[in-house]
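Structure first, then comments.
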Amino acid sequence: MSATATPAPAKTEERIEHKGLLEVRGLCTYFKLSQGWVHAVEDVSFTIEKGESLGLAGESGCGKTTAALSILKLLPENGRIVSGDILFDGRNLTKRTEYGMSKIRWKEISMIFQGAMNALNPVQETGKQVAEPIMLHEGLSEAKALDRARELFELVGINPKRVMDYPHQLSGGMRQRAMIAMSLACNPKLVIGDEPTTALDVMVQAQILDLIARLRRELDLSFILISHDLSVMAETCDKGVIMYAGRVVESGTTEHLFRDARHPYTRQLIRAFPNIHERREMVSSIKGDPPNLLEPPPGCRFAPRCDERIAGCDEVDPAAVEVTPGHFVSCHLFKEAT
Ligand SMILES: Nc1ncnc2c1ncn2[C@@H]1O[C@H](COP(=O)(O)OP(=O)(O)O)[C@@H](O)[C@H]1O
Ligand SMILES: [Mg+2]
């Protein structure tokens with residue numbers, strides 16, 4: 001998230017009508033490889049309101065991180081947003097320049113990166129690293145930014161006296177709290193947490209999820225929580241989107257997804273991660289592997305692994321069906337309620 005962008009001439013930007021604080025509409029993001037294009041995110045749509053938390057779940061490799069990096073336009077060199085719109089607070093981020101995006105990152109949307117806990121610079125004091133985006137984006141002096149870092153430490157439950165500690169002097173849980181402090185440094189409206197608790201043990205994981213829930217309430221934050229573990233989403237989120245092989249297979253409120261999961265993939269994921277308070281490893285694995293996204297299978301991408309496959313699943317892509325209001329499933333087993 002470099003902030004060293006050169007100023008561009010000010011342009012008036014058309015404000016766009018859209019749903020919620022963030023609306024992702026028909027997003028397709030591909031990666032170019034010498035063999036062809038990896039269809040990492042295909043026609044993904046979701047919305048998030050102010051103060052709402054949305055879970056993005058699915059096995060590893062199903063496109064969660066790519067969707068998040070698309071929102072911030074931080075894709076690796078070979079990644080492209082091929083189509084779709086990302087509408088944030090009246091602006092279309094897909095149309096924004098790099099300079100325009102540098103105004104959004106940290107200040108309006110921030111991200112806790114996957115594996116971020118190890119991303120702190122080992123040779124710089126932790127609080128200085130938290131102060132850095134504040135100095136860059138708010139133009140504060142180092143002393144003032146460090147004062148703010150102390151406040152942020154307090155907010156996330158680290159003794160502010162530890163602001164000059166190096167990362168190795170902090171526990172894993174404290175380092176993750178520091179990363180969360182950094183994500184909040186410039187008062188963003190939306191925070192994206194990419195597997196923010198995955199590397200932590202059960203107890204600390206629960207504490208970090210509690211912290212996120214408290215911060216969301218206190219700061220009226222919108223939050224996208226990415227996890228391969230569905231039980232994490234059950235604890236923390238108002239609603240969820242289940243992705244499989246780059247596509248959304250099911251979406252709805254947390255209640256819809258946990259009490260009334262319809263898609264065979266969602267049901268298997270729930271079985272794999274039944275309870276946040278007990279074992280963290282997969283208790284039952286889903287047989288087979290996700291498909292190669294260089295050549296996704298025709299029809300439903302889950303069909304080759306699905307026990308409930310029926311005629312047509314291998315050929316026709318299932319459209320999203322609203323099984324109950326606000327609960328969408330893309331599976332040939334379900335037809336629109338009439
Ligand atoms: N830079 C890249 N180049 C090519 N393929 C990539 C790149 N980054 C991710 N992918 C592929 O895109 C797909 C989605 O990856 P990712 O978004 O990281 O999934 P998740 O976060 O759900 O684990 C995977 O098939 C992955 O191998
Ligand atoms: Mg990921």
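Residue numbers start at 1 in each chain; chains themselves are named A, B, ... in the order of the structure tokens; ligands are numbered from 1 in the order shown.
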
Exercise. Which residues sit within 6 Å of ligand 1, counting only C-alpha atoms and all ligand atoms, listed as an MDAnalysis selection string?
Worked result: chainID A and resid 31 38 40 60:66 76 78 293

For this session: Step by step, measure atom-to-atom distances between ligand 2 and each residue using only C-alpha atoms and all ligand atoms, keep those at most 12 Å, then write them as a PyMOL selection string.
Result: chain A and resi 40+56-69+112-116+192-196+198+225-229+243+246

Go ahead and save the picked residues with C-alpha atoms, as a PDB file, in the first residue's frame.
```
ATOM      1  CA  ALA A  40      -9.755 -16.710 -10.425  1.00  0.00           C
ATOM      2  CA  LEU A  56     -16.291 -14.444   2.296  1.00  0.00           C
ATOM      3  CA  ALA A  57     -15.669 -18.154   2.662  1.00  0.00           C
ATOM      4  CA  GLY A  58     -14.528 -21.134   0.646  1.00  0.00           C
ATOM      5  CA  GLU A  59     -11.599 -23.521   0.402  1.00  0.00           C
ATOM      6  CA  SER A  60      -8.127 -22.293  -0.369  1.00  0.00           C
ATOM      7  CA  GLY A  61      -7.717 -21.263  -4.001  1.00  0.00           C
ATOM      8  CA  CYS A  62     -11.331 -20.317  -4.622  1.00  0.00           C
ATOM      9  CA  GLY A  63     -10.638 -16.620  -5.258  1.00  0.00           C
ATOM     10  CA  LYS A  64     -11.235 -14.899  -1.911  1.00  0.00           C
ATOM     11  CA  THR A  65      -7.934 -13.017  -1.767  1.00  0.00           C
ATOM     12  CA  THR A  66      -8.186 -12.137  -5.452  1.00  0.00           C
ATOM     13  CA  ALA A  67     -11.628 -10.610  -4.886  1.00  0.00           C
ATOM     14  CA  ALA A  68     -10.252  -8.547  -1.970  1.00  0.00           C
ATOM     15  CA  LEU A  69      -7.174  -7.396  -3.878  1.00  0.00           C
ATOM     16  CA  ILE A 112      -5.311  -6.847   7.013  1.00  0.00           C
ATOM     17  CA  PHE A 113      -3.333  -9.010   4.631  1.00  0.00           C
ATOM     18  CA  GLN A 114      -3.198 -12.780   4.704  1.00  0.00           C
ATOM     19  CA  GLY A 115      -0.118 -13.746   6.718  1.00  0.00           C
ATOM     20  CA  ALA A 116       0.156 -10.136   7.863  1.00  0.00           C
ATOM     21  CA  ILE A 192     -11.018  -6.235   4.821  1.00  0.00           C
ATOM     22  CA  GLY A 193      -9.494  -8.950   7.009  1.00  0.00           C
ATOM     23  CA  ASP A 194      -7.954 -11.708   4.893  1.00  0.00           C
ATOM     24  CA  GLU A 195      -7.760 -14.793   7.136  1.00  0.00           C
ATOM     25  CA  PRO A 196      -6.932 -12.527  10.116  1.00  0.00           C
ATOM     26  CA  THR A 198      -5.895 -18.347  10.624  1.00  0.00           C
ATOM     27  CA  LEU A 225     -13.946 -11.185   6.891  1.00  0.00           C
ATOM     28  CA  ILE A 226     -12.272 -13.691   4.639  1.00  0.00           C
ATOM     29  CA  SER A 227     -11.849 -17.227   5.934  1.00  0.00           C
ATOM     30  CA  HIS A 228     -11.632 -20.770   4.659  1.00  0.00           C
ATOM     31  CA  ASP A 229     -13.292 -21.720   7.964  1.00  0.00           C
ATOM     32  CA  MET A 243     -17.224 -19.028  -3.134  1.00  0.00           C
ATOM     33  CA  GLY A 246     -14.007 -18.373  -8.425  1.00  0.00           C
TER      34      GLY A 246
END
```

Near Gly326 (chain A), within 8 Å and counting only C-alpha atoms, which residues show up once chain neighbours fewer than 6 positions away are dropped, as a compact mmCIF listing (two decimals) with N, CA and C atoms, in the first residue's frame?
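Final file, selection22.txt:
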```txt
# COMPACT_ATOMS: atom_id res chain seq x y z
N SER A 251 -25.32 -17.36 -1.14
CA SER A 251 -25.15 -16.16 -0.31
C SER A 251 -26.44 -15.90 0.44
N GLY A 252 -26.30 -15.24 1.56
CA GLY A 252 -27.47 -14.93 2.37
C GLY A 252 -27.04 -14.44 3.74
N THR A 253 -27.99 -14.34 4.65
CA THR A 253 -27.63 -13.96 6.01
C THR A 253 -26.90 -15.15 6.65
```

Problem set entry | All residues 6 Å or closer to region 14-29 of chain A, only C-alpha atoms, same chain fewer than 5 positions away omitted, as a PyMOL selection string | chain A and resi 41-50+80-91

For this session: Find the distance between CA of Pro298 (chain A) and CA of Val329 (chain A) and write it in Å to one decimal.
Result: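 Between CA of Pro298 (chain A) and CA of Val329 (chain A) the gap is 18.0 Å.
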
Exercise. Out of region 59-273 of chain A, which residues get helix (DSSP H, G or I) from DSSP, as a PyMOL selection string?
Worked result: chain A and resi 64-72+93-95+98-104+116-118+126-138+142-155+160-164+167-169+172-183+202-219+230-236+254-259+264-272

May I have the residues within 10 Å of region 310-325 of chain A as an mmCIF file with N, CA, C and O atoms, in the first residue's frame, using only C-alpha atoms and disregarding those fewer than 2 positions away in the same chain?
```cif
data_model
loop_
_atom_site.group_PDB
_atom_site.id
_atom_site.type_symbol
_atom_site.label_atom_id
_atom_site.label_comp_id
_atom_site.auth_asym_id
_atom_site.auth_seq_id
_atom_site.Cartn_x
_atom_site.Cartn_y
_atom_site.Cartn_z
ATOM 1 N N VAL A 248 -19.562 -17.449 -6.947
ATOM 2 C CA VAL A 248 -20.407 -17.479 -5.757
ATOM 3 C C VAL A 248 -21.376 -18.641 -5.913
ATOM 4 O O VAL A 248 -22.087 -18.718 -6.914
ATOM 5 N N VAL A 249 -21.390 -19.556 -4.945
ATOM 6 C CA VAL A 249 -22.341 -20.669 -5.037
ATOM 7 C C VAL A 249 -23.567 -20.433 -4.154
ATOM 8 O O VAL A 249 -24.659 -20.923 -4.440
ATOM 9 N N GLU A 250 -23.382 -19.686 -3.066
ATOM 10 C CA GLU A 250 -24.520 -19.423 -2.173
ATOM 11 C C GLU A 250 -24.256 -18.135 -1.410
ATOM 12 O O GLU A 250 -23.097 -17.827 -1.071
ATOM 13 N N SER A 251 -25.316 -17.362 -1.140
ATOM 14 C CA SER A 251 -25.145 -16.164 -0.314
ATOM 15 C C SER A 251 -26.437 -15.897 0.436
ATOM 16 O O SER A 251 -27.518 -16.293 0.000
ATOM 17 N N GLY A 252 -26.295 -15.239 1.565
ATOM 18 C CA GLY A 252 -27.472 -14.926 2.370
ATOM 19 C C GLY A 252 -27.044 -14.441 3.737
ATOM 20 O O GLY A 252 -25.852 -14.192 3.969
ATOM 21 N N HIS A 256 -29.311 -17.851 7.247
ATOM 22 C CA HIS A 256 -29.605 -18.668 6.056
ATOM 23 C C HIS A 256 -28.522 -19.719 5.845
ATOM 24 O O HIS A 256 -28.803 -20.883 5.577
ATOM 25 N N ASP A 260 -29.900 -23.103 7.142
ATOM 26 C CA ASP A 260 -30.654 -23.554 5.982
ATOM 27 C C ASP A 260 -29.755 -23.618 4.743
ATOM 28 O O ASP A 260 -30.170 -23.227 3.653
ATOM 29 N N ARG A 262 -28.137 -24.649 1.473
ATOM 30 C CA ARG A 262 -28.753 -25.441 0.408
ATOM 31 C C ARG A 262 -27.718 -26.042 -0.532
ATOM 32 O O ARG A 262 -27.882 -27.161 -0.995
ATOM 33 N N PRO A 297 -14.186 -26.374 -15.496
ATOM 34 C CA PRO A 297 -15.102 -27.308 -16.162
ATOM 35 C C PRO A 297 -16.352 -26.573 -16.649
ATOM 36 O O PRO A 297 -16.749 -25.583 -16.052
ATOM 37 N N PRO A 298 -16.957 -27.071 -17.729
ATOM 38 C CA PRO A 298 -18.212 -26.447 -18.160
ATOM 39 C C PRO A 298 -19.296 -26.756 -17.125
ATOM 40 O O PRO A 298 -19.121 -27.662 -16.301
ATOM 41 N N GLY A 299 -20.380 -26.024 -17.171
ATOM 42 C CA GLY A 299 -21.460 -26.284 -16.217
ATOM 43 C C GLY A 299 -21.075 -25.829 -14.829
ATOM 44 O O GLY A 299 -20.260 -24.926 -14.658
ATOM 45 N N CYS A 300 -21.637 -26.471 -13.817
ATOM 46 C CA CYS A 300 -21.345 -26.094 -12.431
ATOM 47 C C CYS A 300 -19.918 -26.510 -12.097
ATOM 48 O O CYS A 300 -19.537 -27.663 -12.313
ATOM 49 N N ARG A 301 -19.137 -25.608 -11.553
ATOM 50 C CA ARG A 301 -17.727 -25.928 -11.272
ATOM 51 C C ARG A 301 -17.584 -26.968 -10.161
ATOM 52 O O ARG A 301 -16.549 -27.598 -10.038
ATOM 53 N N PHE A 302 -18.615 -27.113 -9.356
ATOM 54 C CA PHE A 302 -18.535 -28.100 -8.260
ATOM 55 C C PHE A 302 -18.983 -29.487 -8.725
ATOM 56 O O PHE A 302 -18.728 -30.482 -8.034
ATOM 57 N N ALA A 303 -19.620 -29.580 -9.883
ATOM 58 C CA ALA A 303 -20.216 -30.850 -10.331
ATOM 59 C C ALA A 303 -19.268 -32.045 -10.234
ATOM 60 O O ALA A 303 -19.666 -33.106 -9.733
ATOM 61 N N PRO A 304 -17.980 -31.902 -10.666
ATOM 62 C CA PRO A 304 -17.120 -33.098 -10.606
ATOM 63 C C PRO A 304 -16.939 -33.664 -9.190
ATOM 64 O O PRO A 304 -16.596 -34.830 -9.038
ATOM 65 N N CYS A 306 -19.434 -33.337 -6.745
ATOM 66 C CA CYS A 306 -20.726 -33.271 -6.065
ATOM 67 C C CYS A 306 -21.430 -34.622 -6.051
ATOM 68 O O CYS A 306 -21.605 -35.247 -7.099
ATOM 69 N N ASP A 307 -21.849 -35.063 -4.869
ATOM 70 C CA ASP A 307 -22.579 -36.334 -4.726
ATOM 71 C C ASP A 307 -24.000 -36.227 -5.232
ATOM 72 O O ASP A 307 -24.669 -37.232 -5.440
ATOM 73 N N GLU A 308 -24.503 -35.011 -5.325
ATOM 74 C CA GLU A 308 -25.920 -34.838 -5.660
ATOM 75 C C GLU A 308 -26.129 -34.403 -7.106
ATOM 76 O O GLU A 308 -27.169 -33.859 -7.458
ATOM 77 N N HIS A 327 -31.781 -15.005 0.130
ATOM 78 C CA HIS A 327 -30.957 -16.222 0.181
ATOM 79 C C HIS A 327 -30.847 -16.796 -1.240
ATOM 80 O O HIS A 327 -31.834 -17.237 -1.806
ATOM 81 N N PHE A 328 -29.618 -16.715 -1.785
ATOM 82 C CA PHE A 328 -29.416 -17.103 -3.179
ATOM 83 C C PHE A 328 -28.554 -18.357 -3.283
ATOM 84 O O PHE A 328 -27.538 -18.474 -2.590
ATOM 85 N N VAL A 329 -28.940 -19.253 -4.167
ATOM 86 C CA VAL A 329 -28.191 -20.492 -4.378
ATOM 87 C C VAL A 329 -28.013 -20.711 -5.876
ATOM 88 O O VAL A 329 -28.968 -20.561 -6.644
ATOM 89 N N SER A 330 -26.803 -21.046 -6.279
ATOM 90 C CA SER A 330 -26.559 -21.364 -7.687
ATOM 91 C C SER A 330 -26.333 -22.864 -7.798
ATOM 92 O O SER A 330 -25.200 -23.340 -7.668
ATOM 93 N N CYS A 331 -27.428 -23.596 -7.976
ATOM 94 C CA CYS A 331 -27.349 -25.055 -8.009
ATOM 95 C C CYS A 331 -28.589 -25.562 -8.735
ATOM 96 O O CYS A 331 -29.691 -25.083 -8.479
ATOM 97 N N HIS A 332 -28.397 -26.546 -9.630
ATOM 98 C CA HIS A 332 -29.532 -27.047 -10.418
ATOM 99 C C HIS A 332 -30.586 -27.768 -9.581
ATOM 100 O O HIS A 332 -31.681 -28.037 -10.066
ATOM 101 N N LEU A 333 -30.257 -28.085 -8.339
ATOM 102 C CA LEU A 333 -31.261 -28.756 -7.489
ATOM 103 C C LEU A 333 -32.377 -27.787 -7.071
ATOM 104 O O LEU A 333 -33.402 -28.214 -6.568
ATOM 105 N N PHE A 334 -32.118 -26.493 -7.245
ATOM 106 C CA PHE A 334 -33.092 -25.515 -6.732
ATOM 107 C C PHE A 334 -33.691 -24.684 -7.847
ATOM 108 O O PHE A 334 -33.005 -24.253 -8.761
ATOM 109 N N LYS A 335 -34.995 -24.487 -7.715
ATOM 110 C CA LYS A 335 -35.731 -23.668 -8.691
ATOM 111 C C LYS A 335 -36.346 -22.504 -7.929
ATOM 112 O O LYS A 335 -36.637 -22.607 -6.741
ATOM 113 N N GLU A 336 -36.544 -21.414 -8.646
ATOM 114 C CA GLU A 336 -37.140 -20.212 -8.050
ATOM 115 C C GLU A 336 -38.480 -20.569 -7.418
ATOM 116 O O GLU A 336 -39.290 -21.272 -8.022
ATOM 117 N N ALA A 337 -38.703 -20.103 -6.170
ATOM 118 C CA ALA A 337 -40.012 -20.300 -5.532
ATOM 119 C C ALA A 337 -41.043 -19.517 -6.321
ATOM 120 O O ALA A 337 -40.787 -18.389 -6.735
ATOM 121 N N THR A 338 -42.204 -20.095 -6.577
ATOM 122 C CA THR A 338 -43.205 -19.361 -7.372
ATOM 123 C C THR A 338 -44.400 -18.999 -6.507
ATOM 124 O O THR A 338 -44.610 -19.542 -5.458
#
```

Exercise. Which one is closest to Gly51 (chain A): A:Met203, A:Ser285, A:Pro188, A:Tyr265? Count only C-alpha atoms.
Worked result: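 Checking each candidate against Gly51 (chain A), we get A:Pro188 as the closest.
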
Exercise. How many Å separate CA of Met182 (chain A) from CA of Thr97 (chain A)?
Worked result: 24.3 Å

Problem set entry | Which of region 75-125 of chain A DSSP labels strand (DSSP E or B), written as a ChimeraX atom specification | /A:79-88,91-92,105,109-112

Could you please take those selected residues and save N, CA and C atoms as a PDB file, in the first residue's frame?
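The new file out22.pdb reads:
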```pdb
ATOM      1  N   GLY A  79      -2.349  -9.838 -12.908  1.00  0.00           N
ATOM      2  CA  GLY A  79      -3.789  -9.867 -12.630  1.00  0.00           C
ATOM      3  C   GLY A  79      -4.534  -8.741 -13.333  1.00  0.00           C
ATOM      4  N   ARG A  80      -5.728  -9.025 -13.822  1.00  0.00           N
ATOM      5  CA  ARG A  80      -6.548  -8.007 -14.492  1.00  0.00           C
ATOM      6  C   ARG A  80      -8.006  -8.121 -14.027  1.00  0.00           C
ATOM      7  N   ILE A  81      -8.606  -6.969 -13.744  1.00  0.00           N
ATOM      8  CA  ILE A  81     -10.064  -6.952 -13.604  1.00  0.00           C
ATOM      9  C   ILE A  81     -10.587  -6.926 -15.029  1.00  0.00           C
ATOM     10  N   VAL A  82     -11.206  -8.011 -15.460  1.00  0.00           N
ATOM     11  CA  VAL A  82     -11.599  -8.159 -16.857  1.00  0.00           C
ATOM     12  C   VAL A  82     -12.958  -7.508 -17.099  1.00  0.00           C
ATOM     13  N   SER A  83     -13.846  -7.621 -16.136  1.00  0.00           N
ATOM     14  CA  SER A  83     -15.140  -6.935 -16.251  1.00  0.00           C
ATOM     15  C   SER A  83     -15.767  -6.803 -14.876  1.00  0.00           C
ATOM     16  N   GLY A  84     -16.823  -6.023 -14.833  1.00  0.00           N
ATOM     17  CA  GLY A  84     -17.540  -5.809 -13.578  1.00  0.00           C
ATOM     18  C   GLY A  84     -17.240  -4.436 -12.992  1.00  0.00           C
ATOM     19  N   ASP A  85     -17.965  -4.092 -11.965  1.00  0.00           N
ATOM     20  CA  ASP A  85     -17.813  -2.790 -11.314  1.00  0.00           C
ATOM     21  C   ASP A  85     -17.635  -2.981  -9.821  1.00  0.00           C
ATOM     22  N   ILE A  86     -16.853  -2.091  -9.238  1.00  0.00           N
ATOM     23  CA  ILE A  86     -16.689  -2.060  -7.786  1.00  0.00           C
ATOM     24  C   ILE A  86     -17.088  -0.659  -7.353  1.00  0.00           C
ATOM     25  N   LEU A  87     -18.284  -0.554  -6.775  1.00  0.00           N
ATOM     26  CA  LEU A  87     -18.850   0.756  -6.470  1.00  0.00           C
ATOM     27  C   LEU A  87     -18.736   0.981  -4.976  1.00  0.00           C
ATOM     28  N   PHE A  88     -17.988   2.015  -4.614  1.00  0.00           N
ATOM     29  CA  PHE A  88     -17.740   2.273  -3.205  1.00  0.00           C
ATOM     30  C   PHE A  88     -18.135   3.702  -2.876  1.00  0.00           C
ATOM     31  N   ARG A  91     -18.517   5.926  -5.812  1.00  0.00           N
ATOM     32  CA  ARG A  91     -17.456   5.996  -6.829  1.00  0.00           C
ATOM     33  C   ARG A  91     -17.167   4.615  -7.398  1.00  0.00           C
ATOM     34  N   ASN A  92     -16.838   4.592  -8.692  1.00  0.00           N
ATOM     35  CA  ASN A  92     -16.522   3.314  -9.337  1.00  0.00           C
ATOM     36  C   ASN A  92     -15.013   3.081  -9.281  1.00  0.00           C
ATOM     37  N   ARG A 105      -7.086   3.832  -0.400  1.00  0.00           N
ATOM     38  CA  ARG A 105      -6.438   2.820   0.432  1.00  0.00           C
ATOM     39  C   ARG A 105      -6.018   3.417   1.771  1.00  0.00           C
ATOM     40  N   ILE A 109     -10.645   2.452   2.711  1.00  0.00           N
ATOM     41  CA  ILE A 109     -10.695   0.979   2.791  1.00  0.00           C
ATOM     42  C   ILE A 109      -9.304   0.498   3.188  1.00  0.00           C
ATOM     43  N   SER A 110      -9.226  -0.304   4.235  1.00  0.00           N
ATOM     44  CA  SER A 110      -7.910  -0.849   4.581  1.00  0.00           C
ATOM     45  C   SER A 110      -8.007  -2.362   4.605  1.00  0.00           C
ATOM     46  N   MET A 111      -6.854  -2.983   4.606  1.00  0.00           N
ATOM     47  CA  MET A 111      -6.848  -4.448   4.542  1.00  0.00           C
ATOM     48  C   MET A 111      -5.827  -5.017   5.513  1.00  0.00           C
ATOM     49  N   ILE A 112      -6.240  -6.063   6.201  1.00  0.00           N
ATOM     50  CA  ILE A 112      -5.311  -6.847   7.013  1.00  0.00           C
ATOM     51  C   ILE A 112      -4.944  -8.018   6.109  1.00  0.00           C
TER      52      ILE A 112
END
```

For this session: Within 12 Å of Asp220 (chain A), counting only C-alpha atoms, which residues show up once you throw out same-chain ones fewer than 4 positions away? Write them as a PyMOL selection string, please.
Result: chain A and resi 49-53+184+187-191+212-216

Just to be explicit: take each residue in the selection above, keep all heavy atoms, and write the result as a CSV table (one decimal), in the first residue's frame.
```csv
chain,number,residue,atom,x,y,z
A,49,GLU,N,-23.4,-3.1,3.6
A,49,GLU,CA,-24.0,-1.8,4.0
A,49,GLU,C,-23.0,-1.2,5.1
A,49,GLU,O,-22.2,-1.9,5.6
A,49,GLU,CB,-25.3,-2.0,4.8
A,49,GLU,CG,-26.4,-2.8,4.0
A,49,GLU,CD,-27.0,-2.0,2.8
A,49,GLU,OE1,-26.9,-0.7,2.9
A,49,GLU,OE2,-27.5,-2.6,1.9
A,50,LYS,N,-23.2,0.1,5.4
A,50,LYS,CA,-22.4,0.7,6.4
A,50,LYS,C,-22.7,-0.1,7.8
A,50,LYS,O,-23.8,-0.4,8.1
A,50,LYS,CB,-22.9,2.2,6.6
A,50,LYS,CG,-22.0,3.0,7.4
A,50,LYS,CD,-22.3,4.5,7.2
A,50,LYS,CE,-21.4,5.3,8.0
A,50,LYS,NZ,-21.5,5.2,9.5
A,51,GLY,N,-21.6,-0.4,8.4
A,51,GLY,CA,-21.7,-1.0,9.7
A,51,GLY,C,-21.9,-2.5,9.7
A,51,GLY,O,-22.0,-3.2,10.7
A,52,GLU,N,-22.0,-3.1,8.5
A,52,GLU,CA,-22.4,-4.5,8.3
A,52,GLU,C,-21.1,-5.3,8.2
A,52,GLU,O,-20.0,-4.8,7.7
A,52,GLU,CB,-23.2,-4.7,7.0
A,52,GLU,CG,-24.0,-5.9,7.0
A,52,GLU,CD,-24.9,-5.9,5.8
A,52,GLU,OE1,-24.5,-5.5,4.7
A,52,GLU,OE2,-26.1,-6.4,5.9
A,53,SER,N,-21.1,-6.6,8.6
A,53,SER,CA,-20.0,-7.4,8.3
A,53,SER,C,-20.4,-8.6,7.4
A,53,SER,O,-21.4,-9.2,7.6
A,53,SER,CB,-19.5,-8.0,9.7
A,53,SER,OG,-20.4,-8.8,10.3
A,184,LEU,N,-6.7,0.4,11.2
A,184,LEU,CA,-7.6,1.4,11.7
A,184,LEU,C,-7.0,2.8,11.7
A,184,LEU,O,-7.7,3.7,12.1
A,184,LEU,CB,-8.1,1.0,13.1
A,184,LEU,CG,-8.9,-0.3,13.2
A,184,LEU,CD1,-9.2,-0.6,14.7
A,184,LEU,CD2,-10.2,-0.3,12.4
A,187,ASN,N,-8.9,5.8,10.2
A,187,ASN,CA,-10.3,5.8,10.3
A,187,ASN,C,-11.1,5.3,9.1
A,187,ASN,O,-11.9,6.1,8.5
A,187,ASN,CB,-10.9,7.1,10.8
A,187,ASN,CG,-10.4,7.5,12.1
A,187,ASN,OD1,-10.3,6.7,13.0
A,187,ASN,ND2,-9.9,8.8,12.2
A,188,PRO,N,-10.7,4.2,8.5
A,188,PRO,CA,-11.4,3.8,7.3
A,188,PRO,C,-12.9,3.4,7.5
A,188,PRO,O,-13.3,3.2,8.7
A,188,PRO,CB,-10.7,2.5,6.9
A,188,PRO,CG,-10.2,1.9,8.2
A,188,PRO,CD,-9.9,3.1,9.1
A,189,LYS,N,-13.7,3.4,6.4
A,189,LYS,CA,-15.1,3.0,6.5
A,189,LYS,C,-15.2,1.5,6.4
A,189,LYS,O,-16.2,0.9,7.0
A,189,LYS,CB,-15.9,3.7,5.4
A,189,LYS,CG,-15.8,5.2,5.4
A,189,LYS,CD,-16.8,5.7,4.2
A,189,LYS,CE,-16.8,7.2,4.2
A,189,LYS,NZ,-16.0,7.7,3.1
A,190,LEU,N,-14.3,0.9,5.7
A,190,LEU,CA,-14.4,-0.5,5.4
A,190,LEU,C,-13.0,-1.2,5.7
A,190,LEU,O,-12.0,-0.6,5.2
A,190,LEU,CB,-14.8,-0.7,4.0
A,190,LEU,CG,-14.7,-2.2,3.4
A,190,LEU,CD1,-15.8,-3.1,4.1
A,190,LEU,CD2,-15.0,-2.2,1.9
A,191,VAL,N,-13.0,-2.3,6.5
A,191,VAL,CA,-11.8,-3.0,6.7
A,191,VAL,C,-12.0,-4.4,6.1
A,191,VAL,O,-13.0,-5.0,6.3
A,191,VAL,CB,-11.4,-3.1,8.2
A,191,VAL,CG1,-10.1,-3.9,8.4
A,191,VAL,CG2,-11.2,-1.7,8.8
A,212,ILE,N,-12.5,-7.8,17.0
A,212,ILE,CA,-13.0,-7.3,15.7
A,212,ILE,C,-14.5,-6.9,15.9
A,212,ILE,O,-15.0,-5.9,15.5
A,212,ILE,CB,-12.8,-8.3,14.6
A,212,ILE,CG1,-11.3,-8.4,14.2
A,212,ILE,CG2,-13.7,-7.9,13.3
A,212,ILE,CD1,-11.0,-9.5,13.2
A,213,ALA,N,-15.2,-7.8,16.6
A,213,ALA,CA,-16.7,-7.5,16.8
A,213,ALA,C,-16.8,-6.3,17.7
A,213,ALA,O,-17.7,-5.4,17.4
A,213,ALA,CB,-17.3,-8.7,17.6
A,214,ARG,N,-16.0,-6.1,18.7
A,214,ARG,CA,-16.1,-4.9,19.5
A,214,ARG,C,-15.8,-3.6,18.7
A,214,ARG,O,-16.5,-2.6,18.8
A,214,ARG,CB,-15.1,-5.0,20.7
A,214,ARG,CG,-15.1,-3.7,21.5
A,214,ARG,CD,-14.3,-3.9,22.9
A,214,ARG,NE,-12.9,-4.1,22.8
A,214,ARG,CZ,-12.0,-3.1,22.5
A,214,ARG,NH1,-12.4,-1.9,22.2
A,214,ARG,NH2,-10.7,-3.4,22.4
A,215,LEU,N,-14.7,-3.7,17.9
A,215,LEU,CA,-14.3,-2.5,17.1
A,215,LEU,C,-15.4,-2.1,16.1
A,215,LEU,O,-15.7,-1.0,15.9
A,215,LEU,CB,-13.0,-2.8,16.4
A,215,LEU,CG,-11.8,-2.9,17.3
A,215,LEU,CD1,-10.6,-3.4,16.5
A,215,LEU,CD2,-11.4,-1.6,18.0
A,216,ARG,N,-16.0,-3.2,15.5
A,216,ARG,CA,-17.1,-2.9,14.6
A,216,ARG,C,-18.2,-2.1,15.2
A,216,ARG,O,-18.7,-1.2,14.7
A,216,ARG,CB,-17.6,-4.2,14.0
A,216,ARG,CG,-16.8,-4.8,12.9
A,216,ARG,CD,-17.5,-5.9,12.2
A,216,ARG,NE,-18.9,-5.5,12.0
A,216,ARG,CZ,-20.0,-6.1,12.4
A,216,ARG,NH1,-19.9,-7.3,13.0
A,216,ARG,NH2,-21.2,-5.7,12.2
```

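Counting from CA of Leu33 (chain A), the distance to CA of Glu98 (chain A) is 23.4 Å.
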
For region 163-263 of chain A versus region 122-144 of chain A, which residues have an atom no more than 9 Å away, and what is each residue's nearest atom pair and distance in Å rounded to one decimal, using only C-alpha atoms, chain-then-number order, as a tab-separated table?
```
residue	atom	partner	partner_atom	distance
A:Val163	CA	A:Gly127	CA	4.3
A:Met164	CA	A:Glu125	CA	5.0
A:Asp165	CA	A:Glu125	CA	5.4
A:Tyr166	CA	A:Glu125	CA	4.5
A:Pro167	CA	A:Thr126	CA	5.7
A:His168	CA	A:Pro122	CA	6.9
A:Leu170	CA	A:Thr126	CA	9.0
A:Arg175	CA	A:Thr126	CA	8.4
A:Ala178	CA	A:Val130	CA	7.3
A:Met179	CA	A:Val130	CA	7.7
A:Ala181	CA	A:Val130	CA	6.8
A:Met182	CA	A:Val130	CA	4.7
A:Ser183	CA	A:Val130	CA	8.4
A:Ala185	CA	A:Ile134	CA	6.1
A:Cys186	CA	A:Ile134	CA	6.1
```

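Using only C-alpha atoms, the nearest neighbour of Arg271 (chain A) within the list A:Thr94, A:Arg148, A:Leu230, A:Pro290 is A:Leu230.
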